[in-house]
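Below is start-v1.tsv, holding TSV, C-alpha atoms.
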chain	number	residue	atom	x	y	z
A	1	MET	CA	25.47	-32.18	2.14
A	2	ASN	CA	24.88	-31.86	-1.63
A	3	LYS	CA	24.47	-29.18	-4.30
A	4	TYR	CA	20.87	-28.55	-3.21
A	5	ALA	CA	21.45	-27.99	0.51
A	6	GLN	CA	24.21	-27.37	3.05
A	7	VAL	CA	24.12	-28.18	6.75
A	8	ILE	CA	24.45	-25.01	8.83
A	9	TYR	CA	23.97	-26.51	12.29
A	10	GLU	CA	23.40	-29.97	13.73
A	11	ASP	CA	23.35	-31.72	17.08
A	12	ASN	CA	21.44	-34.66	18.54
A	13	HIS	CA	18.19	-32.66	18.55
A	14	LEU	CA	18.13	-30.35	15.52
A	15	ILE	CA	19.52	-30.04	12.04
A	16	ILE	CA	19.32	-26.73	10.16
A	17	VAL	CA	20.08	-26.53	6.45
A	18	ASN	CA	20.47	-23.83	3.82
A	19	LYS	CA	18.45	-24.97	0.82
A	20	SER	CA	18.70	-23.84	-2.77
A	21	SER	CA	15.75	-22.29	-4.59
A	22	GLY	CA	13.73	-24.84	-6.55
A	23	VAL	CA	13.92	-27.53	-3.87
A	24	LEU	CA	10.72	-28.73	-2.20
A	25	VAL	CA	10.82	-28.98	1.59
A	26	GLN	CA	8.08	-31.63	1.62
A	27	GLY	CA	6.49	-33.70	-1.12
A	28	ASP	CA	3.73	-32.55	-3.44
A	29	ALA	CA	1.90	-33.87	-6.50
A	30	THR	CA	4.98	-33.38	-8.72
A	31	GLY	CA	6.85	-36.23	-7.08
A	32	ASP	CA	10.09	-34.23	-7.32
A	33	PRO	CA	12.96	-34.87	-4.87
A	34	ILE	CA	12.36	-33.30	-1.47
A	35	LEU	CA	14.63	-31.73	1.12
A	36	SER	CA	13.44	-33.85	4.04
A	37	ASP	CA	14.44	-37.04	2.19
A	38	MET	CA	17.87	-35.56	1.42
A	39	VAL	CA	18.40	-34.73	5.10
A	40	LYS	CA	17.29	-38.22	6.18
A	41	GLN	CA	19.75	-39.78	3.76
A	42	TYR	CA	22.52	-37.50	5.05
A	43	ILE	CA	21.84	-38.58	8.66
A	44	LYS	CA	21.58	-42.22	7.68
A	45	GLU	CA	24.93	-42.18	5.88
A	46	LYS	CA	26.82	-39.98	8.36
A	47	TYR	CA	25.80	-41.90	11.46
A	48	GLY	CA	25.31	-45.35	9.91
A	49	LYS	CA	21.72	-45.58	11.08
A	50	PRO	CA	19.86	-48.75	10.01
A	51	GLY	CA	16.18	-48.63	9.13
A	52	ASP	CA	14.05	-45.49	9.11
A	53	VAL	CA	15.43	-42.16	10.32
A	54	PHE	CA	13.16	-39.91	12.38
A	55	LEU	CA	13.02	-36.36	11.02
A	56	GLY	CA	10.37	-33.81	11.89
A	57	THR	CA	9.73	-30.83	9.62
A	58	VAL	CA	9.42	-27.81	11.90
A	59	HIS	CA	8.50	-25.27	9.21
A	60	ARG	CA	8.64	-24.77	5.46
A	61	ILE	CA	9.71	-22.15	2.97
A	62	ASP	CA	8.35	-21.94	-0.56
A	63	ARG	CA	9.95	-23.92	-3.36
A	64	PRO	CA	11.40	-20.88	-5.23
A	65	VAL	CA	12.79	-19.42	-1.97
A	66	SER	CA	16.30	-20.20	-0.70
A	67	GLY	CA	17.64	-20.26	2.82
A	68	LEU	CA	17.25	-21.75	6.28
A	69	VAL	CA	14.97	-24.66	7.13
A	70	VAL	CA	14.82	-26.31	10.58
A	71	PHE	CA	14.28	-30.03	11.12
A	72	ALA	CA	13.96	-31.90	14.42
A	73	ARG	CA	15.82	-35.17	15.00
A	74	THR	CA	13.68	-36.26	17.94
A	75	SER	CA	9.97	-36.09	18.74
A	76	LYS	CA	10.76	-34.07	21.86
A	77	ALA	CA	12.66	-31.45	19.86
A	78	LEU	CA	9.88	-31.35	17.26
A	79	GLU	CA	7.21	-30.72	19.86
A	80	ARG	CA	9.20	-27.97	21.53
A	81	MET	CA	10.23	-26.28	18.27
A	82	ASN	CA	6.61	-26.30	17.11
A	83	GLU	CA	5.69	-24.55	20.33
A	84	LEU	CA	8.42	-21.93	19.82
A	85	PHE	CA	7.01	-21.17	16.38
A	86	ARG	CA	3.44	-21.08	17.70
A	87	GLN	CA	4.46	-18.65	20.44
A	88	ARG	CA	6.39	-16.54	17.88
A	89	GLU	CA	9.60	-16.97	19.81
A	90	VAL	CA	11.65	-17.63	16.68
A	91	GLN	CA	13.06	-14.48	15.08
A	92	LYS	CA	13.13	-14.86	11.29
A	93	THR	CA	14.98	-12.53	8.95
A	94	TYR	CA	14.70	-12.64	5.17
A	95	TRP	CA	16.43	-10.77	2.38
A	96	ALA	CA	14.34	-9.73	-0.60
A	97	VAL	CA	15.40	-7.96	-3.80
A	98	VAL	CA	12.83	-5.72	-5.49
A	99	LYS	CA	12.90	-3.44	-8.51
A	100	GLN	CA	10.35	-0.94	-7.25
A	101	ARG	CA	11.45	0.81	-4.06
A	102	PRO	CA	8.78	0.85	-1.32
A	103	ALA	CA	7.33	4.26	-0.54
A	104	GLU	CA	8.77	4.18	2.99
A	105	PRO	CA	12.39	3.23	3.80
A	106	LYS	CA	11.14	1.14	6.71
A	107	ALA	CA	7.64	0.21	7.81
A	108	LYS	CA	5.37	-2.36	9.37
A	109	LEU	CA	2.83	-4.02	7.06
A	110	VAL	CA	-0.46	-5.51	8.22
A	111	HIS	CA	-2.75	-7.35	5.80
A	112	TRP	CA	-5.36	-10.10	5.77
A	113	LEU	CA	-4.43	-12.98	3.48
A	114	VAL	CA	-6.75	-15.36	1.67
A	115	LYS	CA	-5.24	-18.34	-0.13
A	116	ASP	CA	-6.77	-19.89	-3.23
A	117	GLU	CA	-5.72	-23.51	-2.75
A	118	ALA	CA	-6.67	-24.54	-6.28
A	119	ARG	CA	-4.44	-21.89	-7.87
A	120	ASN	CA	-1.87	-21.82	-5.03
A	121	VAL	CA	-2.08	-18.02	-4.93
A	122	THR	CA	-2.59	-15.79	-1.90
A	123	THR	CA	-4.37	-12.41	-2.03
A	124	ALA	CA	-3.60	-9.62	0.46
A	125	TYR	CA	-6.30	-7.23	1.67
A	126	ASP	CA	-5.82	-3.97	3.57
A	127	TYR	CA	-8.84	-4.74	5.73
A	128	GLU	CA	-10.22	-7.73	7.58
A	129	VAL	CA	-12.08	-10.15	5.32
A	130	GLU	CA	-14.00	-13.35	5.95
A	131	GLY	CA	-11.63	-16.30	6.00
A	132	GLY	CA	-8.59	-14.04	5.98
A	133	GLN	CA	-5.55	-14.59	8.19
A	134	LYS	CA	-3.90	-11.57	9.72
A	135	ALA	CA	-0.30	-11.18	8.50
A	136	GLU	CA	2.32	-8.84	9.93
A	137	LEU	CA	5.88	-8.05	8.95
A	138	SER	CA	8.37	-5.22	9.16
A	139	TYR	CA	10.90	-4.31	6.50
A	140	GLU	CA	13.83	-1.97	5.99
A	141	VAL	CA	15.51	-0.91	2.76
A	142	LEU	CA	19.20	-1.74	3.23
A	143	GLY	CA	20.42	-0.15	0.01
A	144	LYS	CA	20.35	0.02	-3.78
A	145	LEU	CA	22.57	-1.68	-6.37
A	146	ASN	CA	22.11	-1.69	-10.14
A	147	ASP	CA	18.51	-0.43	-10.09
A	148	HIS	CA	17.41	-3.01	-7.51
A	149	TYR	CA	16.77	-2.57	-3.79
A	150	LEU	CA	17.73	-4.96	-1.01
A	151	LEU	CA	15.14	-5.27	1.74
A	152	GLU	CA	15.53	-6.91	5.12
A	153	VAL	CA	12.21	-8.41	6.14
A	154	ASN	CA	11.19	-9.66	9.58
A	155	PRO	CA	7.85	-11.47	9.54
A	156	THR	CA	5.95	-11.66	12.80
A	157	THR	CA	3.47	-14.22	11.51
A	158	GLY	CA	4.11	-17.18	9.21
A	159	ARG	CA	1.37	-17.25	6.58
A	160	PRO	CA	1.56	-18.97	3.17
A	161	HIS	CA	3.37	-16.75	0.64
A	162	GLN	CA	3.22	-13.94	3.20
A	163	ILE	CA	6.32	-11.92	2.29
A	164	ARG	CA	5.75	-12.38	-1.43
A	165	THR	CA	2.12	-11.27	-1.19
A	166	GLN	CA	2.58	-8.35	1.19
A	167	LEU	CA	5.48	-6.81	-0.74
A	168	ALA	CA	3.53	-7.18	-3.98
A	169	ARG	CA	0.56	-5.50	-2.33
A	170	ILE	CA	2.59	-2.33	-1.71
A	171	GLY	CA	3.85	-2.34	-5.30
A	172	SER	CA	7.23	-4.01	-4.71
A	173	PRO	CA	7.03	-7.59	-6.01
A	174	ILE	CA	10.14	-9.70	-5.46
A	175	ARG	CA	12.52	-10.07	-8.39
A	176	GLY	CA	11.61	-13.13	-10.44
A	177	ASP	CA	8.25	-13.68	-8.72
A	178	VAL	CA	5.93	-13.57	-11.76
A	179	LYS	CA	3.16	-15.19	-9.70
A	180	TYR	CA	2.94	-11.98	-7.70
A	181	GLY	CA	3.50	-9.40	-10.37
A	182	PHE	CA	7.19	-9.23	-11.29
A	183	VAL	CA	7.58	-8.69	-15.02
A	184	ARG	CA	9.88	-11.63	-15.85
A	185	PRO	CA	11.15	-14.85	-14.25
A	186	ASN	CA	14.73	-15.37	-13.13
A	187	PRO	CA	16.86	-17.59	-15.37
A	188	ASP	CA	17.03	-20.33	-12.71
A	189	GLY	CA	13.30	-20.24	-11.98
A	190	GLY	CA	13.81	-19.07	-8.39
A	191	ILE	CA	12.97	-15.75	-6.82
A	192	ASN	CA	15.21	-13.33	-4.91
A	193	LEU	CA	13.85	-14.14	-1.47
A	194	HIS	CA	16.29	-15.71	0.96
A	195	ALA	CA	15.70	-16.95	4.52
A	196	ARG	CA	18.86	-15.30	5.86
A	197	ARG	CA	18.84	-15.62	9.67
A	198	LEU	CA	17.13	-17.49	12.49
A	199	TYR	CA	17.42	-16.79	16.20
A	200	PHE	CA	15.81	-18.76	19.02
A	201	ILE	CA	16.54	-20.42	22.34
A	202	HIS	CA	17.51	-24.04	21.75
A	203	PRO	CA	14.52	-26.12	22.89
A	204	ILE	CA	16.63	-28.69	24.75
A	205	LYS	CA	19.93	-26.99	25.61
A	206	LYS	CA	18.20	-23.72	26.52
A	207	GLU	CA	21.03	-21.73	24.91
A	208	PRO	CA	20.67	-18.90	22.35
A	209	LEU	CA	21.15	-20.14	18.80
A	210	ILE	CA	21.61	-17.91	15.76
A	211	CYS	CA	22.12	-19.27	12.25
A	212	VAL	CA	23.01	-17.31	9.13
A	213	ALA	CA	22.60	-18.77	5.64
A	214	GLY	CA	25.10	-17.83	2.98
A	215	LEU	CA	23.62	-16.35	-0.17
A	216	PRO	CA	23.08	-18.52	-3.24
A	217	GLU	CA	26.23	-18.82	-5.36
A	218	ASN	CA	24.94	-16.40	-7.92
A	219	PRO	CA	26.65	-13.18	-9.09
A	220	PHE	CA	23.41	-11.23	-8.82
A	221	TRP	CA	22.90	-12.22	-5.17
A	222	GLU	CA	26.53	-11.94	-4.15
A	223	GLN	CA	26.79	-8.27	-5.14
A	224	PHE	CA	24.46	-7.43	-2.26
A	225	LEU	CA	26.91	-8.73	0.33
A	226	ILE	CA	28.60	-5.31	0.26
A	227	LEU	CA	25.39	-3.76	1.62
A	228	ASP	CA	25.32	-6.25	4.49
A	229	ARG	CA	28.95	-5.47	5.37
A	230	GLU	CA	28.21	-1.74	5.34
A	231	ARG	CA	25.23	-2.29	7.63
A	232	ILE	CA	27.27	-4.36	10.08
A	233	ASP	CA	29.96	-1.65	10.15
A	234	LYS	CA	27.34	0.99	10.95
A	235	ILE	CA	25.98	-1.10	13.81
A	236	LYS	CA	29.50	-1.55	15.19
A	237	ASP	CA	30.19	2.17	14.93
A	238	LYS	CA	26.94	3.04	16.70
A	239	ASN	CA	27.90	0.72	19.52
A	240	LEU	CA	31.17	2.63	19.76
A	241	GLY	CA	29.35	5.93	19.96
A	242	TYR	CA	29.71	7.05	16.35
A	243	ILE	CA	26.73	8.17	14.31
A	244	HIS	CA	26.32	7.78	10.53
Could you spell out this file's structure in structure tokens?
Amino acid sequence: MNKYAQVIYEDNHLIIVNKSSGVLVQGDATGDPILSDMVKQYIKEKYGKPGDVFLGTVHRIDRPVSGLVVFARTSKALERMNELFRQREVQKTYWAVVKQRPAEPKAKLVHWLVKDEARNVTTAYDYEVEGGQKAELSYEVLGKLNDHYLLEVNPTTGRPHQIRTQLARIGSPIRGDVKYGFVRPNPDGGINLHARRLYFIHPIKKEPLICVAGLPENPFWEQFLILDRERIDKIKDKNLGYIH
């Protein structure tokens, strides 16, 4: 589509894109270019649509995060996708790179999150607090490369800054995420959190749909592809009866 986003999947009902870090999904006070406008322009030009283009934002990921974002091209698809998210019938998988290895190689995290809207910062508590939203995720350490660890994260809930806040709470802030405790920013201003995979039943076609977002074209990110290939090989071998 352009240097800021690539189309991963599209049909008459949905369009799913892989966005770069630094791109806003929807507008804010900065007035910077936004992903939804880019997608509208893409549809308008590709299909020669006159006038306004309908595009519904199904969900958002934070500005410094890269990866998959789902948009609906019809009101019917938007309503049904919103319901899938509400019912937690969309499986989301993220990759996160951290410097400090979590204490457990895999675990489920449960916290209560409180967002300070004025500062745009979320605080995680280990216990229920007034005004807090319960947040749940599971993670697994996939491997280590060059003193950093690659985590696969599967959030059950979808709270603001959830993955960033919960990993920071256990002492493993995401690389580049100075807002949540990492020591220095990344050169490009993004953080090493990537919305890698989405799986759900298509709301109109009723067929399984899985999308995978390629990693940002960045040497630091790309080195972790070897860990993903090793993991896939292990899964294949297990299915064949071999144990690693």
For Glu117 in chain A, find every residue with an atom within 12 Å (counting all atoms listed in the file), except residues of its own chain fewer than 4 positions away, and show them as a PDB file with C-alpha atoms, in the coordinates of the input.
ATOM      1  CA  VAL A 121      -2.080 -18.020  -4.930  1.00  0.00           C
ATOM      2  CA  THR A 122      -2.590 -15.790  -1.900  1.00  0.00           C
ATOM      3  CA  THR A 123      -4.370 -12.410  -2.030  1.00  0.00           C
ATOM      4  CA  PRO A 160       1.560 -18.970   3.170  1.00  0.00           C
ATOM      5  CA  HIS A 161       3.370 -16.750   0.640  1.00  0.00           C
TER       6      HIS A 161
END
> Which residues, written as a ChimeraX atom specification, have at least one atom at most 10 Å from Val98 in chain A, with all atoms listed in the file counted and residues fewer than 4 positions away on the same chain left out?
Replying inline: /A:102,141,144,147-151,167-168,171-177,182,192-193
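Non-sequential neighbours of Gln162 in chain A (distance at most 7 Å, separation of 4 or more positions within a chain, all atoms listed in the file) are Ala135, Gly158 and Gln166 of chain A.
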> With only C-alpha atoms as the basis for distance, which of A:Arg197, A:Lys108, A:Arg101, A:Arg169 is at the shortest distance from Ser138 in chain A?
Replying inline: A:Lys108
> Quick one, how far is CA of Gln6 in chain A from CA of Leu55 in chain A?
Replying inline: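 Those two atoms sit 16.4 Å apart.
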>> Can you measure CA of Phe200 in chain A to CA of Leu113 in chain A for me? One decimal in Å is fine.
In response: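 Separation between CA of Phe200 in chain A and CA of Leu113 in chain A: 26.2 Å.
The nearest approach to Lys99 in chain A among the residues A:Asn146, A:Gly190, A:Lys206, A:Glu217, with all atoms listed in the file taken into account, belongs to A:Asn146.
Closest approach to Tyr94 in chain A among A:Val23, A:Leu14, A:Leu68, A:Val129: A:Leu68, based on all atoms listed in the file.
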> Quick one: residues within 8 Å of Gln133 in chain A, only C-alpha atoms counted, chain neighbours fewer than 3 positions away excluded, as a ChimeraX atom specification?
Replying inline: /A:112-114,159
>> Measuring between all atoms listed in the file, which one of A:Gly214, A:Pro155, A:Pro187, A:Gly27 shows the shortest distance to Ser66 in chain A?
In response: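 Looking only at the distances to Ser66 in chain A, the closest residue turns out to be A:Gly214.
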>> Which polymer residues, whether protein, DNA or RNA, lie within 12 Å of the coordinate (24.9, -37.8, 7.9) when you count only C-alpha atoms? List them as a PyMOL selection string, using the chain letters and numbers from the file.
In response: chain A and resi 1-2+6-7+10-12+15+37-49+53+73
Would you output that residue set with C-alpha atoms, as a PDB file, in the coordinates of the input?
ATOM      1  CA  MET A   1      25.470 -32.180   2.140  1.00  0.00           C
ATOM      2  CA  ASN A   2      24.880 -31.860  -1.630  1.00  0.00           C
ATOM      3  CA  GLN A   6      24.210 -27.370   3.050  1.00  0.00           C
ATOM      4  CA  VAL A   7      24.120 -28.180   6.750  1.00  0.00           C
ATOM      5  CA  GLU A  10      23.400 -29.970  13.730  1.00  0.00           C
ATOM      6  CA  ASP A  11      23.350 -31.720  17.080  1.00  0.00           C
ATOM      7  CA  ASN A  12      21.440 -34.660  18.540  1.00  0.00           C
ATOM      8  CA  ILE A  15      19.520 -30.040  12.040  1.00  0.00           C
ATOM      9  CA  ASP A  37      14.440 -37.040   2.190  1.00  0.00           C
ATOM     10  CA  MET A  38      17.870 -35.560   1.420  1.00  0.00           C
ATOM     11  CA  VAL A  39      18.400 -34.730   5.100  1.00  0.00           C
ATOM     12  CA  LYS A  40      17.290 -38.220   6.180  1.00  0.00           C
ATOM     13  CA  GLN A  41      19.750 -39.780   3.760  1.00  0.00           C
ATOM     14  CA  TYR A  42      22.520 -37.500   5.050  1.00  0.00           C
ATOM     15  CA  ILE A  43      21.840 -38.580   8.660  1.00  0.00           C
ATOM     16  CA  LYS A  44      21.580 -42.220   7.680  1.00  0.00           C
ATOM     17  CA  GLU A  45      24.930 -42.180   5.880  1.00  0.00           C
ATOM     18  CA  LYS A  46      26.820 -39.980   8.360  1.00  0.00           C
ATOM     19  CA  TYR A  47      25.800 -41.900  11.460  1.00  0.00           C
ATOM     20  CA  GLY A  48      25.310 -45.350   9.910  1.00  0.00           C
ATOM     21  CA  LYS A  49      21.720 -45.580  11.080  1.00  0.00           C
ATOM     22  CA  VAL A  53      15.430 -42.160  10.320  1.00  0.00           C
ATOM     23  CA  ARG A  73      15.820 -35.170  15.000  1.00  0.00           C
TER      24      ARG A  73
END
>> Please compute the CA of Phe54 in chain A-CA of Ala72 in chain A distance, one decimal, in Å.
In response: 8.3 Å
>> My list of candidates is A:Trp221, A:Asp52, A:Glu207, A:Pro216. Which is closest to Lys19 in chain A when distances are computed with all atoms listed in the file?
In response: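 With all atoms listed in the file as the atom set, the closest residue is A:Pro216.
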